[in-house]
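Trainee: File name work-v2.pdb; file contents PDB, C-alpha atoms; full text below.
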```
ATOM      1  CA  MET T   1       0.000   0.000   0.000
ATOM      2  CA  THR T   2       2.859   2.344   0.885
ATOM      3  CA  SER T   3       4.546   1.518  -2.426
ATOM      4  CA  PHE T   4       1.332   2.298  -4.326
ATOM      5  CA  ALA T   5       0.955   5.649  -2.544
ATOM      6  CA  SER T   6       4.583   6.499  -3.324
ATOM      7  CA  ASN T   7       4.060   5.683  -7.014
ATOM      8  CA  VAL T   8       0.938   7.848  -7.159
ATOM      9  CA  GLN T   9       2.769  10.728  -5.484
ATOM     10  CA  ALA T  10       5.734  10.380  -7.840
ATOM     11  CA  LYS T  11       3.391  10.358 -10.857
ATOM     12  CA  ALA T  12       1.554  13.434  -9.575
ATOM     13  CA  GLN T  13       4.851  15.272  -9.116
ATOM     14  CA  GLU T  14       5.901  14.268 -12.624
ATOM     15  CA  VAL T  15       2.634  15.574 -14.138
ATOM     16  CA  ALA T  16       2.861  18.816 -12.122
ATOM     17  CA  LYS T  17       6.456  19.341 -13.289
ATOM     18  CA  GLU T  18       5.456  18.683 -16.904
ATOM     19  CA  ASP T  19       2.576  21.223 -16.696
ATOM     20  CA  TYR T  20       4.893  23.755 -15.086
ATOM     21  CA  GLU T  21       7.459  23.350 -17.865
ATOM     22  CA  LYS T  22       4.749  23.789 -20.519
ATOM     23  CA  ALA T  23       3.484  26.953 -18.837
ATOM     24  CA  LYS T  24       7.049  28.285 -18.525
ATOM     25  CA  VAL T  25       7.729  27.661 -22.215
ATOM     26  CA  LEU T  26       4.434  29.327 -23.155
ATOM     27  CA  LEU T  27       5.224  32.455 -21.135
ATOM     28  CA  SER T  28       8.762  32.566 -22.519
ATOM     29  CA  ASP T  29       7.516  32.253 -26.112
ATOM     30  CA  ALA T  30       4.864  34.913 -25.494
ATOM     31  CA  ALA T  31       7.484  37.310 -24.118
ATOM     32  CA  ARG T  32       9.859  36.733 -27.034
ATOM     33  CA  SER T  33       7.084  37.034 -29.605
ATOM     34  CA  GLY T  34       6.386  40.641 -28.612
ATOM     35  CA  ALA T  35       2.634  40.040 -28.560
ATOM     36  CA  TYR T  36       2.048  43.282 -26.665
ATOM     37  CA  LEU T  37       4.181  45.316 -29.056
ATOM     38  CA  TYR T  38       2.958  43.702 -32.228
ATOM     39  CA  PRO T  39       4.666  45.221 -35.276
ATOM     40  CA  PHE T  40       1.740  45.017 -37.726
ATOM     41  CA  LYS T  41       0.205  48.461 -37.376
ATOM     42  CA  SER T  42      -2.889  47.525 -39.369
ATOM     43  CA  LEU T  43      -3.933  45.131 -36.609
ATOM     44  CA  TRP T  44      -4.667  48.131 -34.406
ATOM     45  CA  LYS T  45      -7.303  49.532 -36.761
ATOM     46  CA  PRO T  46     -10.180  47.675 -35.022
ATOM     47  CA  PHE T  47      -8.849  48.909 -31.662
ATOM     48  CA  TYR T  48      -8.746  52.544 -32.741
ATOM     49  CA  SER T  49     -12.313  52.377 -34.045
ATOM     50  CA  ARG T  50     -13.683  51.335 -30.628
ATOM     51  CA  ILE T  51     -11.635  53.480 -28.238
ATOM     52  CA  LEU T  52     -14.090  56.268 -27.436
ATOM     53  CA  PRO T  53     -17.292  54.230 -26.867
ATOM     54  CA  THR T  54     -15.472  51.619 -24.765
ATOM     55  CA  LEU T  55     -13.634  54.201 -22.663
ATOM     56  CA  GLY T  56     -16.953  55.931 -22.034
ATOM     57  CA  LEU T  57     -18.521  52.636 -20.990
ATOM     58  CA  THR T  58     -15.584  51.791 -18.694
ATOM     59  CA  ALA T  59     -15.610  55.201 -17.001
ATOM     60  CA  GLY T  60     -19.366  55.050 -16.506
ATOM     61  CA  VAL T  61     -19.336  51.557 -14.995
ATOM     62  CA  LEU T  62     -16.358  52.261 -12.708
ATOM     63  CA  GLY T  63     -17.803  55.546 -11.471
ATOM     64  CA  THR T  64     -21.202  54.014 -10.818
ATOM     65  CA  MET T  65     -19.802  50.947  -9.058
ATOM     66  CA  PHE T  66     -17.487  52.905  -6.756
ATOM     67  CA  PHE T  67     -20.149  55.518  -5.968
ATOM     68  CA  PHE T  68     -22.963  53.093  -5.149
ATOM     69  CA  THR T  69     -21.251  49.870  -4.004
ATOM     70  CA  TYR T  70     -17.888  50.728  -2.393
ATOM     71  CA  LEU T  71     -19.161  51.649   1.092
ATOM     72  CA  PRO T  72     -21.770  48.838   1.333
ATOM     73  CA  GLN T  73     -19.229  46.191   0.294
ATOM     74  CA  LEU T  74     -16.550  47.730   2.511
ATOM     75  CA  ALA T  75     -18.938  47.524   5.492
ATOM     76  CA  ILE T  76     -19.303  43.792   4.886
ATOM     77  CA  LEU T  77     -15.680  42.966   4.078
ATOM     78  CA  VAL T  78     -14.315  44.896   7.067
ATOM     79  CA  PHE T  79     -15.754  42.205   9.370
ATOM     80  CA  VAL T  80     -13.748  39.441   7.707
ATOM     81  CA  ASN T  81     -10.749  41.262   6.228
ATOM     82  CA  GLY T  82     -10.161  43.905   8.893
ATOM     83  CA  PRO T  83      -7.961  46.836   7.744
ATOM     84  CA  LEU T  84      -7.221  45.001   4.488
ATOM     85  CA  ALA T  85     -10.863  45.489   3.507
ATOM     86  CA  VAL T  86      -9.955  48.907   2.065
ATOM     87  CA  PHE T  87      -7.833  47.157  -0.567
ATOM     88  CA  THR T  88      -9.822  43.947  -1.059
ATOM     89  CA  THR T  89     -12.984  45.995  -1.662
ATOM     90  CA  VAL T  90     -11.208  47.934  -4.413
ATOM     91  CA  LEU T  91     -10.067  44.644  -6.005
ATOM     92  CA  LEU T  92     -13.577  43.255  -5.743
ATOM     93  CA  ILE T  93     -15.147  46.317  -7.399
ATOM     94  CA  LEU T  94     -12.507  46.305 -10.133
ATOM     95  CA  ASN T  95     -13.304  42.659 -10.803
ATOM     96  CA  GLU T  96     -17.059  43.297 -10.775
ATOM     97  CA  SER T  97     -16.672  46.331 -13.047
ATOM     98  CA  SER T  98     -14.422  44.386 -15.387
ATOM     99  CA  THR T  99     -17.047  41.659 -15.651
ATOM    100  CA  ILE T 100     -19.835  44.147 -16.390
ATOM    101  CA  VAL T 101     -17.728  45.969 -19.002
ATOM    102  CA  ASN T 102     -16.742  42.657 -20.612
ATOM    103  CA  ILE T 103     -20.346  41.457 -20.806
ATOM    104  CA  ILE T 104     -21.546  44.676 -22.444
ATOM    105  CA  SER T 105     -18.529  45.449 -24.642
ATOM    106  CA  ARG T 106     -17.868  41.928 -25.909
ATOM    107  CA  ASN T 107     -21.532  41.440 -26.824
ATOM    108  CA  PHE T 108     -22.263  44.870 -28.300
ATOM    109  CA  LEU T 109     -19.132  47.010 -28.864
ATOM    110  CA  LEU T 110     -16.049  44.857 -29.373
ATOM    111  CA  GLN T 111     -17.185  41.521 -30.759
ATOM    112  CA  ASP T 112     -16.540  42.310 -34.437
ATOM    113  CA  ALA T 113     -13.344  44.237 -33.655
ATOM    114  CA  LEU T 114     -11.879  41.382 -31.565
ATOM    115  CA  LEU T 115     -12.855  38.896 -34.261
ATOM    116  CA  ASP T 116     -11.063  40.956 -36.926
ATOM    117  CA  THR T 117      -8.028  41.272 -34.648
ATOM    118  CA  PHE T 118      -7.845  37.516 -34.053
ATOM    119  CA  ASP T 119      -8.327  36.591 -37.713
ATOM    120  CA  GLY T 120      -6.040  39.401 -38.880
ATOM    121  CA  THR T 121      -3.250  38.182 -36.611
ATOM    122  CA  LEU T 122      -3.573  34.664 -38.033
ATOM    123  CA  VAL T 123      -3.404  36.099 -41.566
ATOM    124  CA  ALA T 124      -0.332  38.152 -40.625
ATOM    125  CA  GLN T 125       1.268  34.914 -39.417
ATOM    126  CA  ASN T 126       0.494  33.234 -42.770
ATOM    127  CA  ALA T 127      -2.152  30.956 -41.260
ATOM    128  CA  THR T 128      -4.486  31.791 -44.140
ATOM    129  CA  ASP T 129      -5.597  28.211 -44.705
ATOM    130  CA  ILE T 130      -7.304  27.980 -41.350
ATOM    131  CA  VAL T 131      -8.774  31.511 -41.518
ATOM    132  CA  SER T 132     -10.316  30.703 -44.909
ATOM    133  CA  GLU T 133     -12.375  28.040 -43.129
ATOM    134  CA  GLY T 134     -14.296  30.787 -41.336
ATOM    135  CA  ARG T 135     -14.326  33.790 -43.671
ATOM    136  CA  GLN T 136     -13.543  34.941 -47.176
ATOM    137  CA  LEU T 137     -10.077  36.391 -47.793
ATOM    138  CA  LYS T 138      -9.110  39.052 -50.324
ATOM    139  CA  SER T 139      -5.748  39.591 -51.973
ATOM    140  CA  GLY T 140      -3.280  42.154 -50.679
ATOM    141  CA  ASN T 141      -0.647  42.721 -48.004
ATOM    142  CA  ASP T 142      -2.705  44.357 -45.248
ATOM    143  CA  PRO T 143      -3.941  41.574 -42.901
ATOM    144  CA  ILE T 144      -7.056  43.492 -41.810
ATOM    145  CA  ALA T 145      -7.919  44.695 -45.337
ATOM    146  CA  ARG T 146      -7.771  41.080 -46.539
ATOM    147  CA  LEU T 147     -10.592  40.012 -44.223
ATOM    148  CA  GLY T 148     -13.834  39.489 -46.110
ATOM    149  CA  LYS T 149     -17.290  38.121 -45.384
ATOM    150  CA  ILE T 150     -17.658  35.985 -42.249
ATOM    151  CA  LEU T 151     -18.645  32.403 -43.109
ATOM    152  CA  LYS T 152     -18.808  31.073 -39.541
ATOM    153  CA  SER T 153     -20.405  33.042 -36.721
ATOM    154  CA  PRO T 154     -17.776  34.484 -34.368
ATOM    155  CA  PHE T 155     -16.954  34.188 -30.644
ATOM    156  CA  SER T 156     -19.739  32.909 -28.413
ATOM    157  CA  LYS T 157     -21.535  35.473 -26.335
ATOM    158  CA  PHE T 158     -21.554  35.668 -22.544
ATOM    159  CA  THR T 159     -23.899  32.951 -21.289
ATOM    160  CA  PRO T 160     -26.239  32.896 -18.248
ATOM    161  CA  LYS T 161     -24.283  29.860 -17.031
ATOM    162  CA  ALA T 162     -21.077  31.919 -16.918
ATOM    163  CA  LEU T 163     -22.872  34.660 -14.974
ATOM    164  CA  VAL T 164     -24.247  32.146 -12.454
ATOM    165  CA  ARG T 165     -20.757  30.687 -12.004
ATOM    166  CA  TYR T 166     -19.339  34.171 -11.398
ATOM    167  CA  VAL T 167     -21.968  35.022  -8.753
ATOM    168  CA  MET T 168     -21.558  31.592  -7.141
ATOM    169  CA  TYR T 169     -17.847  32.149  -6.497
ATOM    170  CA  LEU T 170     -18.183  35.827  -5.546
ATOM    171  CA  PRO T 171     -18.447  35.058  -1.767
ATOM    172  CA  LEU T 172     -14.855  33.784  -1.868
ATOM    173  CA  ASN T 173     -13.863  37.452  -1.580
ATOM    174  CA  PHE T 174     -15.036  37.382   2.034
ATOM    175  CA  ILE T 175     -12.018  35.211   2.876
ATOM    176  CA  PRO T 176      -9.122  37.589   3.686
ATOM    177  CA  VAL T 177      -6.621  37.954   0.808
ATOM    178  CA  VAL T 178      -6.533  34.240  -0.024
ATOM    179  CA  GLY T 179     -10.198  34.261  -1.050
ATOM    180  CA  THR T 180      -9.657  37.096  -3.537
ATOM    181  CA  ILE T 181      -6.641  35.310  -5.027
ATOM    182  CA  ILE T 182      -8.605  32.052  -5.380
ATOM    183  CA  PHE T 183     -11.498  33.958  -6.966
ATOM    184  CA  ILE T 184      -9.180  35.546  -9.561
ATOM    185  CA  LEU T 185      -7.551  32.166 -10.304
ATOM    186  CA  ILE T 186     -10.977  30.578 -10.850
ATOM    187  CA  GLN T 187     -11.977  33.443 -13.139
ATOM    188  CA  GLY T 188      -8.667  33.068 -14.949
ATOM    189  CA  ARG T 189      -9.179  29.376 -15.534
ATOM    190  CA  SER T 190     -12.660  30.029 -16.881
ATOM    191  CA  ARG T 191     -11.322  32.792 -19.136
ATOM    192  CA  GLY T 192      -8.495  30.580 -20.353
ATOM    193  CA  SER T 193     -10.907  27.946 -21.611
ATOM    194  CA  SER T 194     -12.465  30.508 -23.978
ATOM    195  CA  VAL T 195      -9.395  32.252 -25.464
ATOM    196  CA  HIS T 196      -9.203  29.794 -28.380
ATOM    197  CA  GLY T 197     -12.928  29.586 -29.031
ATOM    198  CA  ARG T 198     -12.470  31.089 -32.504
ATOM    199  CA  TYR T 199      -9.489  28.837 -33.228
ATOM    200  CA  PHE T 200     -11.463  25.718 -32.297
ATOM    201  CA  GLN T 201     -14.317  26.965 -34.472
ATOM    202  CA  LEU T 202     -11.998  27.395 -37.461
ATOM    203  CA  LYS T 203     -10.600  23.902 -36.823
ATOM    204  CA  GLY T 204     -14.142  22.543 -36.907
ATOM    205  CA  TRP T 205     -13.797  20.786 -33.567
ATOM    206  CA  SER T 206     -16.822  19.451 -31.718
ATOM    207  CA  SER T 207     -17.501  20.425 -28.096
ATOM    208  CA  SER T 208     -16.181  17.038 -26.921
ATOM    209  CA  GLN T 209     -12.922  17.546 -28.835
ATOM    210  CA  GLN T 210     -12.522  21.034 -27.378
ATOM    211  CA  LYS T 211     -13.209  19.778 -23.854
ATOM    212  CA  ASP T 212     -10.690  16.967 -24.170
ATOM    213  CA  TRP T 213      -8.024  19.319 -25.592
ATOM    214  CA  LEU T 214      -8.511  21.824 -22.776
ATOM    215  CA  GLN T 215      -8.352  19.098 -20.142
ATOM    216  CA  ARG T 216      -5.017  17.892 -21.518
ATOM    217  CA  HIS T 217      -3.574  21.417 -21.529
ATOM    218  CA  THR T 218      -5.139  22.883 -18.414
ATOM    219  CA  SER T 219      -2.000  24.564 -17.094
ATOM    220  CA  PRO T 220      -1.083  26.716 -20.146
ATOM    221  CA  TYR T 221      -4.685  27.858 -20.666
ATOM    222  CA  ALA T 222      -5.208  28.620 -16.970
ATOM    223  CA  THR T 223      -1.948  30.610 -16.925
ATOM    224  CA  PHE T 224      -2.903  32.613 -20.001
ATOM    225  CA  GLY T 225      -6.440  33.183 -18.705
ATOM    226  CA  THR T 226      -5.276  34.356 -15.264
ATOM    227  CA  ILE T 227      -2.817  36.862 -16.726
ATOM    228  CA  ALA T 228      -5.481  38.093 -19.165
ATOM    229  CA  THR T 229      -7.986  38.486 -16.306
ATOM    230  CA  LEU T 230      -5.536  40.498 -14.183
ATOM    231  CA  LEU T 231      -4.583  42.771 -17.077
ATOM    232  CA  GLU T 232      -8.194  43.440 -18.009
ATOM    233  CA  MET T 233      -8.983  44.441 -14.413
ATOM    234  CA  ILE T 234      -6.798  47.549 -14.816
ATOM    235  CA  PRO T 235      -9.063  50.596 -15.136
ATOM    236  CA  VAL T 236      -9.024  52.457 -18.487
ATOM    237  CA  LEU T 237      -6.388  50.100 -19.922
ATOM    238  CA  SER T 238      -8.714  47.081 -19.839
ATOM    239  CA  MET T 239      -9.809  47.644 -23.452
ATOM    240  CA  PHE T 240      -6.196  47.870 -24.651
ATOM    241  CA  PHE T 241      -5.376  44.600 -22.911
ATOM    242  CA  ALA T 242      -8.513  42.940 -24.310
ATOM    243  CA  PHE T 243      -7.016  43.507 -27.766
ATOM    244  CA  THR T 244      -3.451  42.538 -26.837
ATOM    245  CA  ASN T 245      -4.755  39.381 -25.172
ATOM    246  CA  THR T 246      -6.636  38.588 -28.379
ATOM    247  CA  VAL T 247      -3.443  39.125 -30.392
ATOM    248  CA  GLY T 248      -1.541  36.916 -27.946
ATOM    249  CA  ALA T 249      -4.150  34.139 -28.224
ATOM    250  CA  ALA T 250      -4.026  34.318 -32.024
ATOM    251  CA  LEU T 251      -0.206  34.225 -32.026
ATOM    252  CA  TRP T 252      -0.390  31.151 -29.830
ATOM    253  CA  ALA T 253      -2.889  29.533 -32.227
ATOM    254  CA  ALA T 254      -0.670  30.367 -35.215
ATOM    255  CA  ASP T 255       2.308  28.883 -33.386
ATOM    256  CA  ILE T 256       0.368  25.677 -32.772
ATOM    257  CA  GLU T 257      -0.474  25.462 -36.464
ATOM    258  CA  GLN T 258       2.969  26.307 -37.824
ATOM    259  CA  LYS T 259       5.200  24.367 -35.466
ATOM    260  CA  ASN T 260       2.983  21.300 -35.455
ATOM    261  CA  SER T 261       4.059  20.764 -31.863
ATOM    262  CA  GLU T 262       2.671  18.258 -29.363
ATOM    263  CA  MET T 263      -0.175  20.658 -28.713
ATOM    264  CA  SER T 264      -1.245  20.718 -32.371
ATOM    265  CA  GLN T 265      -1.904  17.072 -33.032
ATOM    266  CA  GLY T 266      -5.492  17.734 -33.985
ATOM    267  CA  THR T 267      -7.871  15.261 -32.406
ATOM    268  CA  ALA T 268      -7.038  14.294 -28.843
ATOM    269  CA  PRO T 269      -5.578  10.794 -28.238
ATOM    270  CA  ASN T 270      -8.606   9.321 -26.481
ATOM    271  CA  LEU T 271     -10.856  10.499 -29.333
ATOM    272  CA  ARG T 272      -8.523   8.955 -31.918
ATOM    273  CA  GLU T 273      -8.548   5.774 -29.885
ATOM    274  CA  SER T 274     -12.337   5.745 -29.806
ATOM    275  CA  ALA T 275     -12.345   6.147 -33.592
ATOM    276  CA  LYS T 276      -9.963   3.194 -33.959
ATOM    277  CA  LYS T 277     -12.197   1.039 -31.764
ATOM    278  CA  ALA T 278     -15.212   2.039 -33.837
ATOM    279  CA  GLU T 279     -13.397   0.844 -36.959
TER     280      GLU T 279
END
```
Once more with this new file: its structure as structure tokens, please.

Mentor:
Amino acid sequence: MTSFASNVQAKAQEVAKEDYEKAKVLLSDAARSGAYLYPFKSLWKPFYSRILPTLGLTAGVLGTMFFFTYLPQLAILVFVNGPLAVFTTVLLILNESSTIVNIISRNFLLQDALLDTFDGTLVAQNATDIVSEGRQLKSGNDPIARLGKILKSPFSKFTPKALVRYVMYLPLNFIPVVGTIIFILIQGRSRGSSVHGRYFQLKGWSSSQQKDWLQRHTSPYATFGTIATLLEMIPVLSMFFAFTNTVGAALWAADIEQKNSEMSQGTAPNLRESAKKAE
């Protein structure tokens, strides 16, 4: 029994180390790629076209949330967080405001712009074959100008299920410091599972294929999603980071396609095995 427990522990450590190495490589590649200083100026056209309405939305939501909810939430958090409640309340409101802005902007203001940014980045990285699966492409050198009619409907909208999950985990913020960190990590993991929604759509993967892929690469997606969540919590700059995160996700997708690495082997192993058994 002791030997079995030791083997299980050793295997768990091996898996954890492997996930850590994958996450480290991902972050290193992202840093070297210059995703946040992307050289293709045309990719910023969708961003420029949405600056004013999104900044207005962000300022309105932040002002309203701090004016109406800061003191009530502070009065509650001070009982569990003590003096730290001043800071944890600010983090909580930033997170709440970020969620509200994301729901509204991604469904009404930014959806088309983020879609063009994602597809345009793939085109700029010469991943035209996969982009052509979801929209028409024109000739030319400008990645954004080449984008034509959309053939497959874009990113999925914010669902009631996601909202329920957010509200369900909101009470974690009542746990001093640790609760807020756990809440952000949970939000990050949820966000990470959606960053390649468009990529999976272009690949033509079923929901079961997507689920299996994400389960096999939990660590890299959770890492990406957590960083994206933290960046998009920054007031005023949240819109900028929404676009840079989209560029980063597209660069990652292009890298998967071009390098044909372990993470790009199409259908997940257990699905391929099921297909073999069916044969």

Trainee: At what distance in Å, to one decimal, does CA of Ala59 in chain T lie from CA of Leu77 in chain T?

Mentor: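 Interatomic distance, CA of Leu77 in chain T to CA of Ala59 in chain T: 24.4 Å.
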
Trainee: My list of candidates is T:Leu43, T:Ile76, T:Leu92, T:Leu214. Which is closest to Thr121 in chain T when distances are computed with only C-alpha atoms?

Mentor: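 Checking each candidate against Thr121 in chain T, we get T:Leu43 as the closest.
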
Trainee: Just checking: using all atoms listed in the file, which residue out of T:Gln136, T:Thr54, T:Thr128, T:Gln201 ends up closest to Ile104 in chain T?

Mentor: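 Selected residue with least distance to Ile104 in chain T: T:Thr54.
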
Trainee: Tell me which of T:Ala228, T:Met168, T:Val177, T:Ile100 sits closest to Val86 in chain T, counting only C-alpha atoms.

Mentor: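 Among the listed residues, T:Val177 lies closest to Val86 in chain T.
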
Trainee: Once the PyMOL selection byres ((chain T and resi 62) around 12) is applied to the coordinates I shared, what remains selected? I want it as a JSON list (two decimals) with C-alpha atoms, in the frame of the given file.

Mentor:
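So the final result, stored in expr04.json, reads:
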```json
[["chain", "number", "residue", "atom", "x", "y", "z"],
["T", 55, "LEU", "CA", -13.63, 54.20, -22.66],
["T", 56, "GLY", "CA", -16.95, 55.93, -22.03],
["T", 57, "LEU", "CA", -18.52, 52.64, -20.99],
["T", 58, "THR", "CA", -15.58, 51.79, -18.69],
["T", 59, "ALA", "CA", -15.61, 55.20, -17.00],
["T", 60, "GLY", "CA", -19.37, 55.05, -16.51],
["T", 61, "VAL", "CA", -19.34, 51.56, -15.00],
["T", 63, "GLY", "CA", -17.80, 55.55, -11.47],
["T", 64, "THR", "CA", -21.20, 54.01, -10.82],
["T", 65, "MET", "CA", -19.80, 50.95, -9.06],
["T", 66, "PHE", "CA", -17.49, 52.90, -6.76],
["T", 67, "PHE", "CA", -20.15, 55.52, -5.97],
["T", 68, "PHE", "CA", -22.96, 53.09, -5.15],
["T", 69, "THR", "CA", -21.25, 49.87, -4.00],
["T", 70, "TYR", "CA", -17.89, 50.73, -2.39],
["T", 90, "VAL", "CA", -11.21, 47.93, -4.41],
["T", 91, "LEU", "CA", -10.07, 44.64, -6.00],
["T", 92, "LEU", "CA", -13.58, 43.26, -5.74],
["T", 93, "ILE", "CA", -15.15, 46.32, -7.40],
["T", 94, "LEU", "CA", -12.51, 46.30, -10.13],
["T", 95, "ASN", "CA", -13.30, 42.66, -10.80],
["T", 96, "GLU", "CA", -17.06, 43.30, -10.78],
["T", 97, "SER", "CA", -16.67, 46.33, -13.05],
["T", 98, "SER", "CA", -14.42, 44.39, -15.39],
["T", 99, "THR", "CA", -17.05, 41.66, -15.65],
["T", 100, "ILE", "CA", -19.84, 44.15, -16.39],
["T", 101, "VAL", "CA", -17.73, 45.97, -19.00],
["T", 233, "MET", "CA", -8.98, 44.44, -14.41],
["T", 234, "ILE", "CA", -6.80, 47.55, -14.82],
["T", 235, "PRO", "CA", -9.06, 50.60, -15.14],
["T", 236, "VAL", "CA", -9.02, 52.46, -18.49],
["T", 238, "SER", "CA", -8.71, 47.08, -19.84]]
```

Trainee: Could you name the residues that touch Leu202 in chain T at 12 Å or less, counting all atoms listed in the file, but leaving out those on the same chain fewer than 5 positions away, as a PyMOL selection string?

Mentor: chain T and resi 115+118-119+122+127-135+150-155+196-197+210+250+253-254+257

Trainee: For Met239 in chain T, which residue among T:Ala113, T:Leu84, T:Gln73, T:Val195 is the nearest when counting only C-alpha atoms?

Mentor: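 When distances to Met239 in chain T are compared using only C-alpha atoms, the smallest one comes from T:Ala113.
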
Trainee: Skip range 79-81 of chain T itself and residues of its chain fewer than 6 positions away, then list as a compact mmCIF listing (two decimals) with C-alpha atoms, in the coordinates of the input all residues within 12 Å of it, counting all atoms listed in the file.

Mentor:
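Output file result_13.txt follows:
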```txt
# COMPACT_ATOMS: atom_id res chain seq x y z
CA GLN T 73 -19.23 46.19 0.29
CA PHE T 87 -7.83 47.16 -0.57
CA THR T 88 -9.82 43.95 -1.06
CA THR T 89 -12.98 46.00 -1.66
CA PRO T 171 -18.45 35.06 -1.77
CA LEU T 172 -14.86 33.78 -1.87
CA ASN T 173 -13.86 37.45 -1.58
CA PHE T 174 -15.04 37.38 2.03
CA ILE T 175 -12.02 35.21 2.88
CA PRO T 176 -9.12 37.59 3.69
CA VAL T 177 -6.62 37.95 0.81
CA VAL T 178 -6.53 34.24 -0.02
CA GLY T 179 -10.20 34.26 -1.05
CA THR T 180 -9.66 37.10 -3.54
```

Trainee: Starting from the point (-5.8, 36.9, -15.5), work out which residues of protein, DNA or RNA have an atom no more than 6 Å away when counting only C-alpha atoms; state them as a list in words.

Mentor: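 Taken together, the residues in range are Gly188, Gly225, Thr226, Ile227, Ala228, Thr229 and Leu230 of chain T.
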
Trainee: For the residues in the current selection, export C-alpha atoms as a PDB file, in the coordinates of the input.

Mentor:
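Dumped to part_2.pdb:
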```pdb
ATOM      1  CA  GLY T 188      -8.667  33.068 -14.949  1.00  0.00           C
ATOM      2  CA  GLY T 225      -6.440  33.183 -18.705  1.00  0.00           C
ATOM      3  CA  THR T 226      -5.276  34.356 -15.264  1.00  0.00           C
ATOM      4  CA  ILE T 227      -2.817  36.862 -16.726  1.00  0.00           C
ATOM      5  CA  ALA T 228      -5.481  38.093 -19.165  1.00  0.00           C
ATOM      6  CA  THR T 229      -7.986  38.486 -16.306  1.00  0.00           C
ATOM      7  CA  LEU T 230      -5.536  40.498 -14.183  1.00  0.00           C
TER       8      LEU T 230
END
```

Trainee: CA of Ile181 in chain T to CA of Arg216 in chain T: how many Å, to one decimal?

Mentor: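 CA of Arg216 in chain T lies 24.0 Å from CA of Ile181 in chain T.
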
Trainee: Restricting the calculation to all atoms listed in the file, which member of T:Ile184, T:Val247, T:Val164, T:Leu71 is positioned closest to Asp116 in chain T?

Mentor: T:Val247

Trainee: Do you have the CA of Asn141 in chain T-CA of Trp44 in chain T distance handy?

Mentor: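 According to the coordinates, CA of Asn141 in chain T and CA of Trp44 in chain T are separated by 15.2 Å.
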
Trainee: Counting only C-alpha atoms, select every polymer residue within 12 Å of (-15.9, 22.8, -23.9) as defined in the file's coordinates, and provide the selection as a list in words.

Mentor: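 Those residues lying close to the given coordinates are Ser156, Ser190, Arg191, Gly192, Ser193, Ser194, Val195, His196, Gly197, Phe200, Gln201, Trp205, Ser206, Ser207, Ser208, Gln209, Gln210, Lys211, Asp212, Trp213, Leu214 and Gln215 of chain T.
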
Trainee: For the selection just defined, write its residues with C-alpha atoms to a file, as a short mmCIF file (atom, residue, chain, number, x, y, z; two decimals), in the coordinates of the input.

Mentor:
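As a result, result-v8.cif now contains:
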```
data_model
loop_
_atom_site.label_atom_id
_atom_site.label_comp_id
_atom_site.auth_asym_id
_atom_site.auth_seq_id
_atom_site.Cartn_x
_atom_site.Cartn_y
_atom_site.Cartn_z
CA SER T 156 -19.74 32.91 -28.41
CA SER T 190 -12.66 30.03 -16.88
CA ARG T 191 -11.32 32.79 -19.14
CA GLY T 192 -8.49 30.58 -20.35
CA SER T 193 -10.91 27.95 -21.61
CA SER T 194 -12.46 30.51 -23.98
CA VAL T 195 -9.40 32.25 -25.46
CA HIS T 196 -9.20 29.79 -28.38
CA GLY T 197 -12.93 29.59 -29.03
CA PHE T 200 -11.46 25.72 -32.30
CA GLN T 201 -14.32 26.96 -34.47
CA TRP T 205 -13.80 20.79 -33.57
CA SER T 206 -16.82 19.45 -31.72
CA SER T 207 -17.50 20.42 -28.10
CA SER T 208 -16.18 17.04 -26.92
CA GLN T 209 -12.92 17.55 -28.84
CA GLN T 210 -12.52 21.03 -27.38
CA LYS T 211 -13.21 19.78 -23.85
CA ASP T 212 -10.69 16.97 -24.17
CA TRP T 213 -8.02 19.32 -25.59
CA LEU T 214 -8.51 21.82 -22.78
CA GLN T 215 -8.35 19.10 -20.14
#
```

Trainee: Excluding Ala242 in chain T and its own-chain neighbours fewer than 4 positions away, which residues fall within 10 Å of it when counting only C-alpha atoms? Please give them as a PyMOL selection string.

Mentor: chain T and resi 47+102+106+110+114+228-229+231-232+237-238+246-248

Trainee: Which is closer to Gln125 in chain T than all the others in T:Pro143, T:Asp112, T:Ile103, T:Pro72, using all atoms listed in the file?

Mentor: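 Smallest separation from Gln125 in chain T among the options: T:Pro143.
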
Trainee: Build an axis-aligned box that encloses every atom of range 106-118 of chain T listed in the file, pad it by 3 Å on each side, and report its centre and edge lengths in Å to one decimal, as JSON.

Mentor:
```
{"center_x": -15.1, "center_y": 42.3, "center_z": -31.4, "size_x": 20.4, "size_y": 15.5, "size_z": 17.0}
```

Trainee: Since the input is missing atoms, can you rebuild N, CA and C atoms for range 67-72 of chain T and write them as a short mmCIF file (atom, residue, chain, number, x, y, z; two decimals), in the frame of the given file?

Mentor:
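What ended up in result_25.cif:
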```cif
data_model
loop_
_atom_site.label_atom_id
_atom_site.label_comp_id
_atom_site.auth_asym_id
_atom_site.auth_seq_id
_atom_site.Cartn_x
_atom_site.Cartn_y
_atom_site.Cartn_z
N PHE T 67 -19.26 54.58 -6.65
CA PHE T 67 -20.15 55.52 -5.97
C PHE T 67 -21.24 54.79 -5.18
N PHE T 68 -21.82 53.75 -5.77
CA PHE T 68 -22.96 53.09 -5.15
C PHE T 68 -22.62 51.84 -4.34
N THR T 69 -21.49 51.17 -4.65
CA THR T 69 -21.25 49.87 -4.00
C THR T 69 -20.01 49.82 -3.12
N TYR T 70 -19.12 50.82 -3.18
CA TYR T 70 -17.89 50.73 -2.39
C TYR T 70 -18.17 50.66 -0.89
N LEU T 71 -18.91 51.61 -0.35
CA LEU T 71 -19.16 51.65 1.09
C LEU T 71 -19.96 50.44 1.58
N PRO T 72 -21.04 50.03 0.88
CA PRO T 72 -21.77 48.84 1.33
C PRO T 72 -20.90 47.58 1.37
#
```
